[in-house]
Each structure stands twice: as C-alpha cells, then as structure tokens.
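K.L.:
Below is the file coords.cif, which contains mmCIF, C-alpha atoms.
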data_entry
#
loop_
_atom_site.label_atom_id
_atom_site.label_comp_id
_atom_site.auth_asym_id
_atom_site.auth_seq_id
_atom_site.Cartn_x
_atom_site.Cartn_y
_atom_site.Cartn_z
CA MET A 1 102.88 82.48 134.31
CA ALA A 2 104.37 82.30 130.80
CA ASP A 3 101.83 79.68 129.69
CA ALA A 4 98.93 81.66 131.12
CA HIS A 5 100.11 84.81 129.35
CA ALA A 6 100.48 82.99 126.02
CA ALA A 7 97.03 81.45 126.33
CA ALA A 8 95.47 84.90 126.63
CA TYR A 9 96.35 85.69 123.01
CA ARG A 10 95.00 84.27 119.78
CA ARG A 11 96.68 84.38 116.38
CA LEU A 12 94.50 85.88 113.65
CA TYR A 13 95.09 85.80 109.90
CA VAL A 14 94.60 89.45 108.96
CA TRP A 15 96.51 90.29 105.77
CA GLU A 16 95.88 87.92 102.88
CA PHE A 17 98.62 87.22 100.35
CA PRO A 18 97.28 89.62 97.66
CA VAL A 19 97.30 92.47 100.21
CA ARG A 20 100.87 91.67 101.31
CA LEU A 21 102.03 91.31 97.70
CA TYR A 22 100.43 94.64 96.82
CA HIS A 23 102.12 96.30 99.78
CA TRP A 24 105.65 95.20 98.91
CA VAL A 25 105.34 95.68 95.14
CA ASN A 26 103.89 99.13 95.83
CA ALA A 27 106.71 99.94 98.25
CA ILE A 28 109.40 98.98 95.71
CA CYS A 29 107.68 100.94 92.94
CA VAL A 30 107.23 104.06 95.07
CA VAL A 31 110.90 104.07 96.10
CA LEU A 32 112.00 103.63 92.47
CA LEU A 33 109.59 106.33 91.30
CA ILE A 34 110.80 108.79 93.93
CA ALA A 35 114.47 108.17 93.19
CA THR A 36 114.14 108.30 89.40
CA GLY A 37 111.57 111.12 89.53
CA PHE A 38 113.92 113.28 91.56
CA ILE A 39 116.72 112.69 89.04
CA ILE A 40 114.37 113.46 86.12
CA GLY A 41 113.31 116.69 87.83
CA ARG A 42 116.92 117.66 88.66
CA PRO A 43 119.30 115.85 86.31
CA ILE A 44 122.83 115.45 87.63
CA PRO A 45 126.00 115.01 85.54
CA ILE A 46 126.99 111.53 86.66
CA THR A 47 129.36 110.96 83.71
CA TYR A 48 130.66 112.93 80.79
CA ALA A 49 131.41 111.69 77.28
CA ASN A 50 131.61 113.21 73.84
CA GLU A 51 129.28 110.73 72.17
CA ALA A 52 125.54 110.67 73.01
CA TYR A 53 125.35 106.87 73.13
CA GLN A 54 127.90 106.90 75.94
CA GLN A 55 125.65 109.10 78.08
CA TYR A 56 122.44 107.07 77.95
CA TRP A 57 122.26 106.68 81.73
CA PHE A 58 119.50 109.30 81.82
CA GLY A 59 117.49 107.27 79.31
CA THR A 60 117.89 104.28 81.64
CA VAL A 61 116.60 106.38 84.54
CA ARG A 62 113.54 107.37 82.52
CA PHE A 63 112.98 103.76 81.44
CA ILE A 64 113.05 102.56 85.06
CA HIS A 65 110.61 105.35 85.97
CA PHE A 66 108.19 104.36 83.20
CA VAL A 67 108.34 100.62 83.97
CA ALA A 68 107.83 101.27 87.70
CA ALA A 69 104.87 103.53 86.83
CA PHE A 70 103.16 100.81 84.78
CA VAL A 71 103.71 98.18 87.50
CA PHE A 72 102.53 100.66 90.14
CA PHE A 73 99.34 101.42 88.19
CA PHE A 74 98.29 97.83 87.51
CA ASN A 75 99.26 96.75 91.02
CA PHE A 76 96.95 99.46 92.35
CA LEU A 77 94.10 98.23 90.12
CA VAL A 78 94.48 94.78 91.70
CA ARG A 79 94.24 96.37 95.16
CA ILE A 80 91.07 98.20 94.16
CA TYR A 81 89.58 94.88 93.08
CA TRP A 82 90.70 93.14 96.26
CA GLY A 83 88.96 95.82 98.31
CA PHE A 84 85.69 94.28 97.11
CA VAL A 85 86.50 90.56 97.28
CA GLY A 86 89.08 90.30 100.08
CA ASN A 87 88.51 89.44 103.72
CA ARG A 88 86.93 91.91 106.15
CA TYR A 89 90.26 93.55 106.92
CA ALA A 90 90.89 94.37 103.24
CA ARG A 91 87.42 95.74 102.42
CA TRP A 92 86.87 99.36 101.42
CA ARG A 93 84.61 100.04 104.41
CA ASN A 94 87.76 100.07 106.56
CA PHE A 95 89.08 103.10 104.72
CA ILE A 96 86.17 105.53 104.97
CA PRO A 97 84.98 106.46 108.51
CA VAL A 98 81.20 106.44 108.43
CA THR A 99 80.33 105.21 111.93
CA ARG A 100 80.59 106.88 115.31
CA ALA A 101 82.88 104.12 116.54
CA GLN A 102 85.34 104.79 113.71
CA TRP A 103 85.51 108.51 114.56
CA GLN A 104 86.01 107.71 118.23
CA GLU A 105 88.81 105.34 117.30
CA MET A 106 90.45 108.08 115.24
CA VAL A 107 90.51 110.33 118.31
CA GLU A 108 92.00 107.51 120.39
CA VAL A 109 94.71 106.84 117.80
CA LEU A 110 95.58 110.56 117.59
CA LYS A 111 96.03 110.62 121.38
CA VAL A 112 98.30 107.58 121.20
CA ASP A 113 100.32 108.74 118.18
CA ILE A 114 100.70 112.45 118.97
CA LEU A 115 100.28 112.77 122.75
CA GLN A 116 101.75 109.28 123.32
CA THR A 117 99.10 108.41 125.89
CA ASP A 118 98.41 104.84 126.96
CA ILE A 119 95.85 102.95 124.90
CA LYS A 120 92.53 103.12 126.75
CA GLU A 121 90.11 101.94 124.08
CA ARG A 122 90.35 98.94 121.78
CA ILE A 123 92.06 99.71 118.45
CA SER A 124 91.08 97.67 115.39
CA ILE A 125 93.39 94.79 114.65
CA GLY A 126 93.30 95.56 110.91
CA HIS A 127 93.73 99.14 109.72
CA ASN A 128 92.68 101.44 112.53
CA ALA A 129 90.20 104.15 111.50
CA LEU A 130 92.82 106.90 111.22
CA ALA A 131 95.26 104.77 109.24
CA GLY A 132 92.42 103.64 106.97
CA LEU A 133 91.44 107.23 106.20
CA ILE A 134 95.04 108.24 105.52
CA TYR A 135 95.48 105.24 103.22
CA PHE A 136 92.31 106.21 101.38
CA LEU A 137 93.66 109.74 100.87
CA SER A 138 96.95 108.25 99.70
CA PHE A 139 95.03 106.13 97.18
CA LEU A 140 93.59 109.36 95.75
CA VAL A 141 97.15 110.70 95.45
CA PHE A 142 98.14 107.44 93.74
CA LEU A 143 95.45 108.06 91.13
CA PHE A 144 96.50 111.69 90.70
CA GLN A 145 100.11 110.69 90.14
CA ALA A 146 99.07 107.97 87.68
CA PHE A 147 96.84 110.37 85.74
CA THR A 148 99.42 113.18 85.57
CA GLY A 149 102.32 110.80 84.92
CA PHE A 150 100.64 109.07 82.00
CA ALA A 151 99.48 112.47 80.74
CA LEU A 152 103.09 113.65 80.58
CA TYR A 153 104.12 110.39 78.91
CA SER A 154 101.33 110.66 76.31
CA SER A 155 103.19 113.41 74.42
CA MET A 156 106.04 111.01 73.64
CA SER A 157 104.16 107.73 73.32
CA SER A 158 101.59 106.29 70.93
CA SER A 159 100.64 103.51 73.35
CA PHE A 160 96.98 103.09 74.23
CA LEU A 161 97.21 103.58 78.00
CA PRO A 162 99.17 106.87 78.09
CA ARG A 163 97.01 108.32 75.32
CA LEU A 164 93.94 107.72 77.50
CA PHE A 165 95.20 110.50 79.79
CA ALA A 166 96.21 113.06 77.16
CA TRP A 167 93.19 115.20 78.11
CA VAL A 168 94.75 115.90 81.53
CA VAL A 169 97.40 118.24 80.09
CA PRO A 170 95.05 120.88 78.61
CA LEU A 171 92.70 120.51 81.59
CA MET A 172 95.47 121.43 84.06
CA GLY A 173 96.88 124.29 81.99
CA GLY A 174 99.65 122.71 79.99
CA ASP A 175 102.64 120.42 80.24
CA PHE A 176 104.61 122.63 82.63
CA ALA A 177 101.77 122.85 85.17
CA VAL A 178 101.20 119.10 85.07
CA ARG A 179 104.91 118.47 85.57
CA GLN A 180 105.04 120.83 88.55
CA TRP A 181 102.06 119.21 90.27
CA HIS A 182 103.42 115.73 89.54
CA HIS A 183 106.76 116.66 91.09
CA LEU A 184 105.11 118.36 94.10
CA PHE A 185 103.12 115.28 95.03
CA MET A 186 106.30 113.22 94.86
CA TRP A 187 107.15 114.86 98.19
CA PHE A 188 103.87 113.56 99.62
CA PHE A 189 105.27 110.05 99.19
CA VAL A 190 108.56 111.02 100.84
CA VAL A 191 106.75 112.35 103.92
CA PHE A 192 104.29 109.44 103.88
CA ILE A 193 107.08 106.84 103.93
CA ILE A 194 108.83 108.48 106.88
CA ILE A 195 105.65 108.72 108.97
CA HIS A 196 104.39 105.29 107.90
CA VAL A 197 107.57 103.44 108.87
CA TYR A 198 107.75 105.24 112.21
CA LEU A 199 104.13 104.51 113.12
CA VAL A 200 104.38 100.85 112.12
CA PHE A 201 107.23 100.31 114.56
CA TYR A 202 105.61 102.52 117.20
CA HIS A 203 102.28 100.65 117.10
CA ASP A 204 104.14 97.36 117.11
CA TYR A 205 105.70 98.50 120.38
CA VAL A 206 102.62 99.97 122.09
CA GLU A 207 100.11 97.35 120.92
CA GLY A 208 102.28 94.23 120.89
CA ARG A 209 100.16 92.58 118.21
CA GLY A 210 102.79 91.86 115.55
CA THR A 211 102.14 94.90 113.36
CA THR A 212 105.54 94.76 111.66
CA SER A 213 105.72 91.02 110.99
CA SER A 214 102.07 90.85 109.89
CA MET A 215 102.90 92.32 106.48
CA VAL A 216 105.30 89.42 105.94
CA GLY A 217 103.32 86.47 107.25
CA GLY A 218 99.82 87.93 107.47
CA TRP A 219 99.26 87.04 111.14
CA LYS A 220 98.51 89.34 114.06
CA PHE A 221 97.85 88.60 117.73
CA GLU A 222 94.86 89.71 119.79
CA ARG A 223 93.89 89.16 123.39
CA GLU A 224 91.03 86.72 123.54
CA ASP A 225 89.01 88.96 125.86
CA ARG A 226 89.10 91.71 123.19
CA LEU A 227 88.08 89.64 120.18
CA ASN A 228 84.88 90.59 118.38
CA PRO A 229 82.08 88.12 119.07
#
Now, as a test, write the supplied structure out as structure tokens.
P.N.:
Amino acid sequence: MADAHAAAYRRLYVWEFPVRLYHWVNAICVVLLIATGFIIGRPIPITYANEAYQQYWFGTVRFIHFVAAFVFFFNFLVRIYWGFVGNRYARWRNFIPVTRAQWQEMVEVLKVDILQTDIKERISIGHNALAGLIYFLSFLVFLFQAFTGFALYSSMSSSFLPRLFAWVVPLMGGDFAVRQWHHLFMWFFVVFIIIHVYLVFYHDYVEGRGTTSSMVGGWKFEREDRLNP
C-alpha cells in the first residue's frame, strides 16, 4: 500500500532559485525594516551617557534601516524582472485574476481558509489565485513604502536614488504626512507576516504538497491524476 500511495504522486520543480532567494532576502529585510522602523518611530532610551558619541546606537538603527531598504528595493526589482523571464509559476499572470477559473479558485480557497471546508476543487500547485492577488497587492505596498521611504531619506541625502523620489514629499502634503503614511503601512507588513506564516503551514497540512519545504528546495508534490496535461 505504501508503494502504491507513493507512486500516485509526482515531484514538480515549482520555485526556481531566484524566486526562493528573493523570498528569503525579502523576509529578512522586512523583519529588519519593521524592527528598526518601529524604533525610529518610537525611540526608546536603551542607554544613557553624557557624550553624544557614546549614544550612537540610534544612528546604528537608522543605518540598518537604510541598508535594509536599499537591499529590499533592488531585490524587488529583480523579482519584477523574474516575473517576465521565470518559469510558469513565477510569471505575472499568476498574480492578476483575469480568467473565470482563477475567480472560482479564489472562492474555493476562501472556503478552505475561512470556513475550513474540505478541498473540493483542484488548487493551483504554484500560487493559488487568492494568494497571487494578495501578493500582487503587497507588491504595490512594497512600491509605496520604497517611494515614501526614499522620499523621507532624500531630505538628508545627496545620493542619486533617494533624490529621485524627492517629489513625493510635496505631492503627499509634506514630510509629516509622508512619515505618517510610511509608518501606517509598516503595520500592513506585521499583519501580512502573521497571516502568511499561518496559511503556509495550514495549506501544507490540508494539501499535503510540501508547501513549507518548497521555498527551501523548490519542489512540490502533486497527484498524477491532477496534473495539467
């Protein structure tokens, strides 16, 4: 029975190395940006000293935030490029629901995720339609955070990249407004991480296709009778 069960599944290479690298670099950057961004928004007196040079921990926090922001931005540009040249699971068409089948799959995933019903219809082995749409919306938030972050940095930097976004500050009503929006959307990432981690483990359990390990090795498992022709 064990051999027959194993033979009913096929291993598929879903996530290419650039996609996996993007995912983990992005995850590290987002965690660093949240942690340092929260401290920048609400500084805390970690240490006290009479001399300014002995209190430069806050400058270190800002430096980590800026470095993580640059890595985050260029890592995201690579992902945008890979959405055009990667395999069929990485392509941009997976992120925008334009077909009837994608909308039907979104309904099925909502039933599974929220109502915790049994899976009745086949769910895509790559990003399912709902996850793809949410990731696309998160990409828009990524861009917003990059634009507003570099806009805030432009007032204290003469570097080429931050100065490209200096126009964002007057457009959004000034430095204070930009800072408030930038801080508000930080909480989007906090909520996103919580839901994302939960759903990854949940779908790994209900689908049994290696959702969690796939972002390490790239492989997922699919029943041979459900493979696309």
K.L.:
Excluding Leu140 (chain A) and any residue of its chain fewer than 4 positions from it, enumerate the residues within 12 Å of it, using only C-alpha atoms, and give them as a VMD selection string.
P.N.:
chain A and resid 76 80 95 133 to 136 144 to 147 185 188
K.L.:
Starting from the shown file, work through the PyMOL selection byres ((chain A and resi 18-30) around 8) and note down what comes out as a short mmCIF file (atom, residue, chain, number, x, y, z; two decimals) with C-alpha atoms, in the frame of the given file.
P.N.:
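Okay, out39.cif is ready:
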data_model
loop_
_atom_site.label_atom_id
_atom_site.label_comp_id
_atom_site.auth_asym_id
_atom_site.auth_seq_id
_atom_site.Cartn_x
_atom_site.Cartn_y
_atom_site.Cartn_z
CA TRP A 15 96.51 90.29 105.77
CA GLU A 16 95.88 87.92 102.88
CA PHE A 17 98.62 87.22 100.35
CA VAL A 31 110.90 104.07 96.10
CA LEU A 32 112.00 103.63 92.47
CA LEU A 33 109.59 106.33 91.30
CA ILE A 34 110.80 108.79 93.93
CA ALA A 68 107.83 101.27 87.70
CA ALA A 69 104.87 103.53 86.83
CA VAL A 71 103.71 98.18 87.50
CA PHE A 72 102.53 100.66 90.14
CA ASN A 75 99.26 96.75 91.02
CA PHE A 76 96.95 99.46 92.35
CA VAL A 78 94.48 94.78 91.70
CA ARG A 79 94.24 96.37 95.16
CA TRP A 82 90.70 93.14 96.26
CA ALA A 90 90.89 94.37 103.24
CA PHE A 189 105.27 110.05 99.19
CA MET A 215 102.90 92.32 106.48
CA VAL A 216 105.30 89.42 105.94
CA GLY A 218 99.82 87.93 107.47
#
K.L.:
I need the residue nearest His203 (chain A) from this list: A:Arg11, A:Arg88, A:His65, A:His127. Use only C-alpha atoms for the distance.
P.N.:
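Ranked by minimum distance to His203 (chain A), first place goes to A:His127.
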K.L.:
Which residue is closest to Arg62 (chain A)? Choose from A:Thr36, A:Gln116, A:Asn87, A:Ser157 and count all atoms listed in the file.
P.N.:
A:Thr36
K.L.:
Neighbours of Gln104 (chain A) within 12 Å (only C-alpha atoms; same-chain residues fewer than 2 positions away dropped), as number ranges by chain?
P.N.:
A: 97-102, 106-111, 120-124, 128-130
K.L.:
Dump C-alpha atoms for the selected residues as a PDB file, keeping the file's coordinate frame?
P.N.:
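Below you can see selection_8.pdb, which holds the result:
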ATOM      1  CA  PRO A  97      84.980 106.460 108.510  1.00  0.00           C
ATOM      2  CA  VAL A  98      81.200 106.440 108.430  1.00  0.00           C
ATOM      3  CA  THR A  99      80.330 105.210 111.930  1.00  0.00           C
ATOM      4  CA  ARG A 100      80.590 106.880 115.310  1.00  0.00           C
ATOM      5  CA  ALA A 101      82.880 104.120 116.540  1.00  0.00           C
ATOM      6  CA  GLN A 102      85.340 104.790 113.710  1.00  0.00           C
ATOM      7  CA  MET A 106      90.450 108.080 115.240  1.00  0.00           C
ATOM      8  CA  VAL A 107      90.510 110.330 118.310  1.00  0.00           C
ATOM      9  CA  GLU A 108      92.000 107.510 120.390  1.00  0.00           C
ATOM     10  CA  VAL A 109      94.710 106.840 117.800  1.00  0.00           C
ATOM     11  CA  LEU A 110      95.580 110.560 117.590  1.00  0.00           C
ATOM     12  CA  LYS A 111      96.030 110.620 121.380  1.00  0.00           C
ATOM     13  CA  LYS A 120      92.530 103.120 126.750  1.00  0.00           C
ATOM     14  CA  GLU A 121      90.110 101.940 124.080  1.00  0.00           C
ATOM     15  CA  ARG A 122      90.350  98.940 121.780  1.00  0.00           C
ATOM     16  CA  ILE A 123      92.060  99.710 118.450  1.00  0.00           C
ATOM     17  CA  SER A 124      91.080  97.670 115.390  1.00  0.00           C
ATOM     18  CA  ASN A 128      92.680 101.440 112.530  1.00  0.00           C
ATOM     19  CA  ALA A 129      90.200 104.150 111.500  1.00  0.00           C
ATOM     20  CA  LEU A 130      92.820 106.900 111.220  1.00  0.00           C
TER      21      LEU A 130
END
K.L.:
Rank A:Phe74, A:Trp181, A:Tyr81, A:Tyr205 by their smallest atom-to-atom distance to Val112 (chain A), using all atoms listed in the file, and report the top residue only.
P.N.:
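When distances to Val112 (chain A) are compared using all atoms listed in the file, the smallest one comes from A:Tyr205.
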K.L.:
Could you rebuild region 156-168 of chain A with N, CA and C atoms and give me the result as a compact mmCIF listing (two decimals), in the coordinates of the input?
P.N.:
# COMPACT_ATOMS: atom_id res chain seq x y z
N MET A 156 104.90 111.68 74.26
CA MET A 156 106.04 111.01 73.64
C MET A 156 105.76 109.53 73.39
N SER A 157 104.51 109.13 73.50
CA SER A 157 104.16 107.73 73.32
C SER A 157 102.86 107.59 72.52
N SER A 158 102.81 106.57 71.69
CA SER A 158 101.59 106.29 70.93
C SER A 158 100.84 105.11 71.52
N SER A 159 101.29 104.64 72.70
CA SER A 159 100.64 103.51 73.35
C SER A 159 99.24 103.88 73.82
N PHE A 160 98.40 102.87 73.92
CA PHE A 160 96.98 103.09 74.23
C PHE A 160 96.79 103.70 75.61
N LEU A 161 97.45 103.13 76.63
CA LEU A 161 97.21 103.58 78.00
C LEU A 161 97.62 105.03 78.24
N PRO A 162 98.83 105.46 77.87
CA PRO A 162 99.17 106.87 78.09
C PRO A 162 98.25 107.82 77.33
N ARG A 163 97.86 107.44 76.12
CA ARG A 163 97.01 108.32 75.32
C ARG A 163 95.63 108.51 75.95
N LEU A 164 95.22 107.58 76.80
CA LEU A 164 93.94 107.72 77.50
C LEU A 164 93.93 108.95 78.41
N PHE A 165 95.11 109.40 78.82
CA PHE A 165 95.20 110.50 79.79
C PHE A 165 95.72 111.79 79.16
N ALA A 166 95.72 111.87 77.84
CA ALA A 166 96.21 113.06 77.16
C ALA A 166 95.36 114.29 77.49
N TRP A 167 94.10 114.09 77.81
CA TRP A 167 93.19 115.20 78.11
C TRP A 167 93.57 115.93 79.41
N VAL A 168 94.38 115.29 80.25
CA VAL A 168 94.75 115.90 81.53
C VAL A 168 95.61 117.14 81.32
